[in-house]
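Listing of final21.pdb; format and content: PDB, C-alpha atoms.
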```pdb
ATOM      1  CA  MET A 512     -24.035   0.216 -64.016
ATOM      2  CA  LYS A 513     -20.636   1.775 -64.132
ATOM      3  CA  ALA A 514     -22.281   5.175 -64.192
ATOM      4  CA  ILE A 515     -24.380   4.339 -61.151
ATOM      5  CA  SER A 516     -21.351   2.892 -59.396
ATOM      6  CA  ALA A 517     -19.285   5.982 -60.216
ATOM      7  CA  LYS A 518     -22.092   8.211 -58.968
ATOM      8  CA  GLN A 519     -22.335   6.213 -55.729
ATOM      9  CA  ASP A 520     -18.570   6.322 -55.326
ATOM     10  CA  SER A 521     -18.541  10.099 -55.678
ATOM     11  CA  ARG A 522     -21.412  10.445 -53.207
ATOM     12  CA  HIS A 523     -19.682   8.001 -50.872
ATOM     13  CA  ALA A 524     -16.493  10.091 -51.068
ATOM     14  CA  GLU A 525     -18.528  13.242 -50.410
ATOM     15  CA  VAL A 526     -20.255  11.670 -47.371
ATOM     16  CA  MET A 527     -16.887  10.408 -46.104
ATOM     17  CA  GLY A 528     -15.439  13.931 -46.420
ATOM     18  CA  VAL A 529     -18.361  15.383 -44.448
ATOM     19  CA  LEU A 530     -18.024  12.597 -41.881
ATOM     20  CA  PHE A 531     -14.299  13.360 -41.579
ATOM     21  CA  ASP A 532     -15.099  17.051 -40.975
ATOM     22  CA  VAL A 533     -17.727  16.108 -38.366
ATOM     23  CA  ARG A 534     -15.236  13.860 -36.544
ATOM     24  CA  LYS A 535     -12.589  16.600 -36.659
ATOM     25  CA  ASN A 536     -15.064  19.150 -35.221
ATOM     26  CA  GLN A 537     -16.181  16.598 -32.637
ATOM     27  CA  VAL A 538     -12.583  16.130 -31.460
ATOM     28  CA  GLU A 539     -12.104  19.921 -31.211
ATOM     29  CA  LEU A 540     -15.362  20.308 -29.273
ATOM     30  CA  THR A 541     -14.411  17.464 -26.943
ATOM     31  CA  GLN A 542     -11.084  19.170 -26.234
ATOM     32  CA  LYS A 543     -12.818  22.501 -25.568
ATOM     33  CA  VAL A 544     -15.376  20.889 -23.241
ATOM     34  CA  SER A 545     -12.569  19.098 -21.423
ATOM     35  CA  HIS A 546     -10.670  22.386 -21.043
ATOM     36  CA  LEU A 547     -13.813  24.138 -19.731
ATOM     37  CA  ALA A 548     -14.445  21.297 -17.278
ATOM     38  CA  THR A 549     -10.886  21.643 -15.973
ATOM     39  CA  ARG A 550     -11.290  25.411 -15.555
ATOM     40  CA  LEU A 551     -14.656  24.934 -13.829
ATOM     41  CA  THR A 552     -13.099  22.471 -11.395
ATOM     42  CA  THR A 553     -10.351  24.984 -10.616
ATOM     43  CA  VAL A 554     -12.889  27.772 -10.015
ATOM     44  CA  LYS A 555     -15.008  25.527  -7.785
ATOM     45  CA  ALA A 556     -11.937  24.622  -5.736
ATOM     46  CA  ALA A 557     -11.026  28.295  -5.385
ATOM     47  CA  ILE A 558     -14.548  29.201  -4.253
ATOM     48  CA  GLU A 559     -14.627  26.361  -1.749
ATOM     49  CA  SER A 560     -11.308  27.501  -0.319
ATOM     50  CA  PHE A 561     -12.769  31.011   0.302
ATOM     51  CA  GLU A 562     -15.968  29.821   1.982
ATOM     52  CA  GLY A 563     -16.004  30.446   5.714
ATOM     53  CA  LYS A 564     -12.774  32.420   5.667
ATOM     54  CA  PRO A 565     -12.288  36.145   6.256
ATOM     55  CA  PRO A 566     -11.825  38.363   3.174
ATOM     56  CA  THR A 567      -8.483  38.266   1.479
ATOM     57  CA  THR A 568      -5.854  40.911   2.029
ATOM     58  CA  TYR A 569      -6.446  42.245  -1.456
ATOM     59  CA  ILE A 570     -10.126  42.906  -0.780
ATOM     60  CA  SER A 571      -9.288  44.386   2.621
ATOM     61  CA  ASN A 572      -6.791  46.742   1.017
ATOM     62  CA  ILE A 573      -9.341  47.879  -1.557
ATOM     63  CA  VAL A 574     -11.976  48.500   1.103
ATOM     64  CA  SER A 575      -9.439  50.315   3.263
ATOM     65  CA  GLU A 576      -8.436  52.546   0.361
ATOM     66  CA  VAL A 577     -12.059  53.375  -0.459
ATOM     67  CA  VAL A 578     -12.798  54.218   3.174
ATOM     68  CA  GLN A 579      -9.680  56.382   3.385
ATOM     69  CA  ASN A 580     -10.635  58.293   0.217
ATOM     70  CA  GLU A 581     -14.158  58.856   1.530
ATOM     71  CA  SER A 582     -12.751  60.008   4.861
ATOM     72  CA  GLU A 583     -10.467  62.527   3.155
ATOM     73  CA  ALA A 584     -13.336  63.829   1.014
ATOM     74  CA  THR A 585     -15.556  64.171   4.087
ATOM     75  CA  HIS A 586     -12.755  65.958   5.943
ATOM     76  CA  LEU A 587     -12.356  68.432   3.074
ATOM     77  CA  ARG A 588     -16.106  69.105   2.983
ATOM     78  CA  LEU A 589     -16.136  69.597   6.754
ATOM     79  CA  ASN A 590     -13.230  72.054   6.572
ATOM     80  CA  ASP A 591     -15.013  73.970   3.821
ATOM     81  CA  LEU A 592     -18.216  74.181   5.871
ATOM     82  CA  GLU A 593     -16.320  75.295   8.970
ATOM     83  CA  ASP A 594     -14.498  77.963   6.969
ATOM     84  CA  ARG A 595     -17.805  79.238   5.617
ATOM     85  CA  CYS A 596     -19.207  79.450   9.158
ATOM     86  CA  ARG A 597     -16.165  81.421  10.323
ATOM     87  CA  ARG A 598     -16.544  84.080   7.615
ATOM     88  CA  ASP A 599     -18.859  86.114   9.829
ATOM     89  CA  ASN A 600     -16.453  86.022  12.804
ATOM     90  CA  LEU A 601     -13.964  88.635  13.991
ATOM     91  CA  LEU A 602     -11.494  88.527  16.865
ATOM     92  CA  PHE A 603     -11.018  91.551  19.134
ATOM     93  CA  TYR A 604      -7.791  91.684  21.136
ATOM     94  CA  GLY A 605      -6.834  93.846  24.101
ATOM     95  CA  ILE A 606     -10.307  94.420  25.537
ATOM     96  CA  SER A 607     -10.123  94.289  29.331
ATOM     97  CA  ASP A 608     -12.186  91.693  31.130
ATOM     98  CA  ASN A 609     -13.064  90.504  34.572
ATOM     99  CA  TYR A 610     -13.057  87.018  35.990
ATOM    100  CA  LEU A 611     -16.843  86.661  36.134
ATOM    101  CA  GLU A 612     -17.585  88.071  32.678
ATOM    102  CA  LYS A 613     -20.482  86.361  30.869
ATOM    103  CA  TRP A 614     -21.329  86.187  27.180
ATOM    104  CA  GLU A 615     -23.846  88.996  27.530
ATOM    105  CA  ASP A 616     -21.159  91.188  29.114
ATOM    106  CA  SER A 617     -18.773  90.475  26.236
ATOM    107  CA  GLU A 618     -21.505  91.321  23.734
ATOM    108  CA  LYS A 619     -22.302  94.635  25.485
ATOM    109  CA  CYS A 620     -18.595  95.460  25.590
ATOM    110  CA  VAL A 621     -18.277  94.918  21.827
ATOM    111  CA  HIS A 622     -21.438  96.967  21.160
ATOM    112  CA  GLY A 623     -19.984  99.831  23.199
ATOM    113  CA  LEU A 624     -16.608  99.585  21.486
ATOM    114  CA  LEU A 625     -18.112  99.622  17.990
ATOM    115  CA  SER A 626     -20.411 102.559  18.706
ATOM    116  CA  ARG A 627     -17.777 104.610  20.584
ATOM    117  CA  TYR A 628     -14.711 104.153  18.372
ATOM    118  CA  PHE A 629     -16.134 103.244  14.974
ATOM    119  CA  ASN A 630     -19.466 105.080  15.002
ATOM    120  CA  MET A 631     -21.302 101.844  14.234
ATOM    121  CA  HIS A 632     -24.744 101.578  15.743
ATOM    122  CA  LEU A 633     -25.677  97.918  15.734
ATOM    123  CA  THR A 634     -28.987  96.544  16.863
ATOM    124  CA  GLU A 635     -29.071  93.721  19.393
ATOM    125  CA  ASP A 636     -29.624  91.055  16.738
ATOM    126  CA  MET A 637     -26.708  92.107  14.497
ATOM    127  CA  ILE A 638     -24.266  90.299  16.789
ATOM    128  CA  VAL A 639     -25.223  86.656  17.058
ATOM    129  CA  ARG A 640     -22.631  85.732  19.661
ATOM    130  CA  ALA A 641     -19.673  87.292  21.465
ATOM    131  CA  HIS A 642     -17.517  85.488  24.008
ATOM    132  CA  ARG A 643     -13.964  85.158  25.274
ATOM    133  CA  LEU A 644     -11.627  82.507  23.909
ATOM    134  CA  GLY A 645      -9.538  80.392  26.231
ATOM    135  CA  LYS A 646      -8.986  80.510  29.966
ATOM    136  CA  VAL A 647      -8.486  83.565  32.120
ATOM    137  CA  VAL A 648      -4.739  84.011  32.603
ATOM    138  CA  GLU A 649      -3.231  86.630  34.882
ATOM    139  CA  ASN A 650      -1.757  89.651  33.028
ATOM    140  CA  LYS A 651      -3.328  88.511  29.740
ATOM    141  CA  THR A 652      -6.693  89.356  28.279
ATOM    142  CA  PRO A 653      -8.209  86.631  26.146
ATOM    143  CA  PRO A 654      -9.598  87.802  22.810
ATOM    144  CA  ILE A 655     -13.311  88.141  22.170
ATOM    145  CA  ILE A 656     -14.696  86.306  19.172
ATOM    146  CA  VAL A 657     -17.710  88.020  17.633
ATOM    147  CA  LYS A 658     -20.070  86.352  15.180
ATOM    148  CA  PHE A 659     -21.948  88.932  13.149
ATOM    149  CA  LEU A 660     -25.376  88.189  11.738
ATOM    150  CA  SER A 661     -24.071  88.519   8.189
ATOM    151  CA  PHE A 662     -20.827  88.740   6.291
ATOM    152  CA  LYS A 663     -21.805  92.223   5.043
ATOM    153  CA  GLN A 664     -21.854  93.625   8.580
ATOM    154  CA  ARG A 665     -18.390  92.236   9.150
ATOM    155  CA  ILE A 666     -17.185  93.933   5.941
ATOM    156  CA  VAL A 667     -18.712  97.274   7.058
ATOM    157  CA  PHE A 668     -16.716  97.076  10.284
ATOM    158  CA  CYS A 669     -13.498  96.179   8.435
ATOM    159  CA  ARG A 670     -13.916  99.159   6.091
ATOM    160  CA  LYS A 671     -14.567 101.578   8.967
ATOM    161  CA  ARG A 672     -11.559 100.215  10.835
ATOM    162  CA  LYS A 673      -9.278 101.032   7.884
ATOM    163  CA  ASN A 674     -10.517 104.658   7.780
TER     164      ASN A 674
END
```

Kindly return the structure encoded in the file as structure tokens.
Amino acid sequence: MKAISAKQDSRHAEVMGVLFDVRKNQVELTQKVSHLATRLTTVKAAIESFEGKPPTTYISNIVSEVVQNESEATHLRLNDLEDRCRRDNLLFYGISDNYLEKWEDSEKCVHGLLSRYFNMHLTEDMIVRAHRLGKVVENKTPPIIVKFLSFKQRIVFCRKRKN
């Protein structure tokens, strides 16, 4: 009987040790659940305080910064595209004009100038557009901007001008 009692005592001690561990873990879990419940209550209160209100300054600042960065990037792309479009253009200064000059007249004037002074014989379609810049001012001749059909034609003129 002593052996059975000793065996039961050892098993009782073992069960009590496990029970102690379970209670200890239960207390820790209860504390963690309580902490999570407190945090959840805080988050709920924060969310409720934001409902129906305009965005915070922080969010507005972030959105503003993103929009500004996009605007700057778009501006840079636009400048690049405009620069590429202007590559085929040349300005001619000092060409006399009259008050009623039209685009066609400016184009004919440039054709004549290029063939007479630079021995360049351009077809009608090689100059896309030619027109005066700015307003007519007495004693000043506004420049003529000429858009060539291609960049290569512009380079040919620049080379002949240097010679």

For Glu612 (chain A), which residue out of A:Ala641, A:Arg597, A:Cys669, A:Arg588 is the nearest one, using only C-alpha atoms?
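Of the candidates, the smallest distance to Glu612 (chain A) is held by A:Ala641.
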
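Excluding Phe662 (chain A) itself and any same-chain residue fewer than 2 positions from it, the protein and nucleic acid residues within 6 Å of it, counting all atoms listed in the file, are Asp599, Gln664 and Arg665 of chain A.
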
Have a look at A:Gln537, A:Thr568, A:Ser617, A:Gln519 and name the one nearest to Lys658 (chain A); count all atoms listed in the file.
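Of all the options, A:Ser617 lies closest to Lys658 (chain A).
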
Between A:Ile656, A:Leu587, A:Ala514, A:Val667, single out the one closest to Asn600 (chain A), counting all atoms listed in the file.
A:Ile656

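With only C-alpha atoms as the atoms that count, the minimum distance from Leu633 (chain A) to the choices A:Leu547, A:Asn580, A:Thr552, A:Phe659 is reached by A:Phe659.
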
Just say which residues the PyMOL selection byres ((chain A and resi 635) around 12) picks in this file, as a list in words.
Glu615, Glu618, Lys619, Val621, His622, Gly623, His632, Leu633, Thr634, Asp636, Met637, Ile638, Val639, Arg640, Ala641, Phe659 and Leu660 of chain A

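Going from CA of Leu625 (chain A) over to CA of Thr652 (chain A), you cover 18.5 Å.
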
Record the distance separating CA of Asn630 (chain A) and CA of Ile666 (chain A), expressed in Å with one decimal.
14.5 Å

I'd like the interatomic distance between CA of Leu624 (chain A) and CA of Lys651 (chain A), to a tenth of an Å.
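These two atoms are separated by 19.2 Å.
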
Write out as AutoDock Vina command-line options an axis-aligned box for region 623-632 of chain A: all of its atoms listed in the file, 8 Å added on each side, centre and edge lengths in Å with one decimal.
```
--center_x -19.7 --center_y 102.3 --center_z 18.7 --size_x 26.0 --size_y 21.5 --size_z 25.0
```
